[in-house]
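Coordinates as given in input03.txt (compact mmCIF, C-alpha atoms):
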```
# COMPACT_ATOMS: atom_id res chain seq x y z
CA MET A 1 141.06 90.00 118.11
CA ASP A 2 142.57 87.78 115.42
CA LYS A 3 142.11 90.54 112.83
CA MET A 4 143.82 93.01 115.19
CA LEU A 5 146.81 90.71 115.64
CA ARG A 6 147.14 90.25 111.86
CA SER A 7 147.25 94.03 111.30
CA LEU A 8 149.78 94.63 114.10
CA PRO A 9 152.89 93.95 111.93
CA LEU A 10 151.64 96.41 109.30
CA ALA A 11 150.95 99.07 111.94
CA LEU A 12 154.41 98.59 113.46
CA ALA A 13 156.06 98.80 110.04
CA LEU A 14 154.24 102.04 109.24
CA LEU A 15 155.16 103.46 112.62
CA ALA A 16 158.82 102.60 112.05
CA LEU A 17 158.76 104.39 108.70
CA ALA A 18 157.11 107.53 110.04
CA PRO A 19 159.75 110.21 110.59
CA SER A 20 160.08 111.57 114.08
CA ALA A 21 159.35 115.22 114.80
CA ALA A 22 163.08 115.75 115.38
CA ALA A 23 163.92 114.26 112.00
CA GLN A 24 161.24 116.39 110.37
CA ASP A 25 162.65 119.52 112.04
CA ALA A 26 166.17 118.67 110.86
CA ALA A 27 164.97 117.85 107.34
CA ALA A 28 162.98 121.08 107.16
CA GLY A 29 166.00 123.05 108.35
CA CYS A 30 164.23 124.21 111.51
CA LEU A 31 166.81 125.63 113.90
CA PRO A 32 166.65 127.74 117.03
CA ARG A 33 167.87 131.31 116.64
CA VAL A 34 169.82 133.63 118.92
CA VAL A 35 168.27 137.07 119.39
CA ASP A 36 169.10 140.19 121.40
CA GLY A 37 172.66 139.02 122.13
CA TRP A 38 174.92 141.29 124.16
CA LEU A 39 178.13 141.05 126.16
CA ARG A 40 179.06 142.80 129.37
CA PRO A 41 182.69 143.19 130.40
CA PRO A 42 183.35 143.19 134.15
CA PRO A 43 183.51 146.58 135.90
CA VAL A 44 187.17 145.93 136.75
CA PRO A 45 189.67 144.36 134.33
CA MET A 46 189.34 140.57 134.39
CA PRO A 47 189.95 137.95 131.70
CA MET A 48 186.23 137.30 131.10
CA LEU A 49 182.94 138.73 129.89
CA ALA A 50 179.33 137.74 130.54
CA GLY A 51 176.95 137.03 127.64
CA PHE A 52 173.19 137.39 127.50
CA ALA A 53 170.56 136.66 124.85
CA ARG A 54 167.38 134.79 124.10
CA ILE A 55 167.62 131.49 122.24
CA VAL A 56 164.25 130.96 120.57
CA ASN A 57 163.21 127.47 119.46
CA PRO A 58 160.36 127.65 116.89
CA CYS A 59 160.76 123.95 116.09
CA ALA A 60 158.33 121.10 116.85
CA THR A 61 160.86 119.35 119.08
CA ALA A 62 162.95 120.35 122.06
CA VAL A 63 166.64 121.06 121.53
CA GLN A 64 169.61 121.00 123.82
CA VAL A 65 172.62 123.32 123.61
CA VAL A 66 175.65 121.27 124.67
CA ALA A 67 178.56 123.60 123.88
CA ALA A 68 179.42 127.16 122.92
CA SER A 69 182.49 128.83 121.43
CA GLY A 70 183.63 132.08 119.93
CA ALA A 71 186.66 133.24 117.97
CA GLY A 72 188.80 135.38 120.20
CA PHE A 73 187.84 133.59 123.43
CA GLY A 74 189.72 130.74 125.08
CA ARG A 75 186.52 129.19 126.37
CA VAL A 76 182.76 129.85 126.43
CA GLU A 77 180.61 128.15 129.09
CA ILE A 78 176.95 128.20 130.05
CA HIS A 79 176.58 129.26 133.70
CA GLU A 80 173.77 129.71 136.17
CA THR A 81 173.59 132.11 139.09
CA THR A 82 171.57 130.94 142.08
CA LEU A 83 170.80 132.48 145.46
CA ALA A 84 171.04 130.18 148.49
CA ASP A 85 170.89 131.40 152.09
CA GLY A 86 171.44 134.96 150.92
CA VAL A 87 174.61 134.04 149.02
CA SER A 88 174.83 134.32 145.24
CA ARG A 89 176.64 131.41 143.62
CA MET A 90 177.61 130.78 140.02
CA ARG A 91 178.18 127.35 138.50
CA ALA A 92 178.72 125.92 135.05
CA VAL A 93 175.85 123.87 133.64
CA PRO A 94 176.55 121.03 131.19
CA SER A 95 173.72 121.86 128.77
CA LEU A 96 170.76 124.10 128.14
CA ALA A 97 167.40 122.51 127.29
CA ILE A 98 164.95 124.54 125.19
CA ALA A 99 161.39 123.26 124.84
CA ALA A 100 159.64 122.97 121.49
CA GLY A 101 158.14 126.36 120.72
CA GLY A 102 159.94 127.82 123.75
CA GLU A 103 162.97 129.91 124.50
CA ALA A 104 165.87 130.09 126.92
CA VAL A 105 166.54 133.48 128.44
CA LEU A 106 170.15 134.21 129.30
CA GLU A 107 170.09 137.23 131.63
CA PRO A 108 171.99 138.87 134.48
CA GLY A 109 171.34 137.02 137.73
CA GLY A 110 170.24 133.78 136.02
CA LEU A 111 171.43 131.62 133.15
CA HIS A 112 174.19 133.34 131.17
CA LEU A 113 177.37 132.76 129.20
CA MET A 114 180.88 133.18 130.55
CA LEU A 115 183.41 134.08 127.85
CA MET A 116 186.86 133.45 129.26
CA ARG A 117 190.33 134.51 128.24
CA PRO A 118 189.52 137.01 125.49
CA VAL A 119 192.42 137.51 123.08
CA ALA A 120 191.77 141.26 123.28
CA THR A 121 189.54 143.34 125.51
CA PRO A 122 186.53 144.25 123.38
CA ALA A 123 185.24 147.82 123.51
CA ALA A 124 181.61 148.92 123.79
CA GLY A 125 179.94 148.74 120.38
CA GLN A 126 182.11 145.92 119.05
CA ARG A 127 180.47 142.63 118.06
CA ALA A 128 181.38 139.00 118.58
CA VAL A 129 179.82 135.98 116.91
CA LEU A 130 179.25 132.98 119.14
CA ARG A 131 178.53 129.46 117.95
CA PHE A 132 176.29 127.02 119.81
CA VAL A 133 176.38 123.25 119.29
CA LEU A 134 173.12 121.32 119.64
CA ALA A 135 172.95 117.77 120.99
CA ASP A 136 172.22 116.45 117.46
CA GLY A 137 175.45 118.03 116.13
CA ARG A 138 173.88 120.97 114.30
CA THR A 139 175.16 124.46 115.08
CA ILE A 140 173.65 127.92 115.31
CA GLU A 141 175.35 131.30 115.57
CA GLY A 142 174.42 134.61 117.13
CA ALA A 143 175.84 138.13 117.12
CA PHE A 144 176.59 139.71 120.49
CA GLU A 145 177.26 143.43 120.91
CA VAL A 146 179.54 144.62 123.71
CA ARG A 147 177.78 147.04 126.08
CA SER A 148 178.92 149.08 129.04
CA PRO A 149 180.05 147.18 132.16
CA ARG A 150 177.08 148.73 133.99
CA ALA A 151 174.47 147.50 131.47
CA ARG A 152 171.62 145.36 132.76
```
If you convert what's in this file into structure tokens, what do you get?
Amino acid sequence: MDKMLRSLPLALALLALAPSAAAQDAAAGCLPRVVDGWLRPPPVPMPMLAGFARIVNPCATAVQVVAASGAGFGRVEIHETTLADGVSRMRAVPSLAIAAGGEAVLEPGGLHLMLMRPVATPAAGQRAVLRFVLADGRTIEGAFEVRSPRAR
């Protein structure tokens, strides 16, 4: 027991010096990536579009998306559609958690992006680049192609 107590300070010092998985991910440049991004304008003219994609996190630690933005849009928010008592409701969510080695799927009828107040109405085939801010301050970007209003 005495020997164990004597080695405790050394063990604690080594533990304090060991980098966390999050620090290792950041140091190694491990970042989530946005894939299969696309935008859907509403079927009738409105000052917003919906955005869908997969955000894949190959890193050893979970990440959290805390903000999104895009040139040409007044505001970009993460939203969630839920069904309660037969009524579909949409609400903004403050952040999007993505597990280590996991992915977040942004899709019609579930989690998605709302791009509000576009400077110009984008046409099918055009692309927009959106930027996502992670809780640790790092950013990632993804390309989103505009599809038909009827796309699913």
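The nearest approach to A:Ala128 among the residues A:Ser69, A:Ser95, A:Thr81, A:Thr61, with all atoms listed in the file taken into account, belongs to A:Ser69.
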Exercise. Check the smallest atom-to-atom distance from each of A:Pro41, A:Pro118, A:Gly110, A:Pro32 to A:Val93 using only C-alpha atoms, then report the winner.
Key: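 Checking each candidate against A:Val93, we get A:Gly110 as the closest.
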Quiz prompt | Selected residue, from A:Val146, A:Ala62, A:Ala71, A:Leu111, that lies nearest to A:Asp36 when counting only C-alpha atoms | solution =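 Of A:Val146, A:Ala62, A:Ala71, A:Leu111, the one nearest A:Asp36, counting only C-alpha atoms, is A:Val146.
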Quiz prompt | 7 Å contact set for A:Gly37, only C-alpha atoms, chain neighbours under 3 positions out, as a PyMOL selection string | solution = chain A and resi 34+52-53+142-145
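The coordinates place atom CA of A:Arg138 at 20.9 Å from atom CA of A:His112.
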Quiz item: Separation of atom CA of A:Gly51 and atom CA of A:Gly86, in Å?
Solution: 24.0 Å
Practice problem: Could you tell me how far atom CA of A:Ala67 lies from atom CA of A:Met90, in Å and to one decimal? | Solution: 17.7 Å
Exercise. Choose the residue, out of A:Pro122, A:Pro47, A:Gly101, A:Gly137, that has the smallest atom-to-atom separation from A:Arg33; count all atoms listed in the file.
Key: A:Gly101
Quiz item: When distances are computed from all atoms listed in the file, which of A:Glu141, A:Glu77, A:Glu103, A:Asp85 shows the smallest separation from A:Leu115?
Solution: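 The closest residue to A:Leu115 is A:Glu77.
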Practice problem: May I ask which of the residues A:Arg150, A:Arg40, A:Arg127, A:Arg91 is the closest one to A:Ile78, counting all atoms listed in the file? | Solution: A:Arg91
Exercise. Give me the residues within 7 Å of A:Ala135 as number ranges by chain, counting only C-alpha atoms and dropping any in the same chain fewer than 3 places off.
Key: A: 64-66
Quiz item: Can you tell me, as a ChimeraX atom specification, which residues sit within 6 Å of (181.0, 146.3, 136.6) in the file's frame, using all atoms listed in the file?
Solution: /A:42-43,149-150
Could you save those same residues with C-alpha atoms as a compact mmCIF listing (two decimals), in the frame of the given file?
```txt
# COMPACT_ATOMS: atom_id res chain seq x y z
CA PRO A 42 183.35 143.19 134.15
CA PRO A 43 183.51 146.58 135.90
CA PRO A 149 180.05 147.18 132.16
CA ARG A 150 177.08 148.73 133.99
```
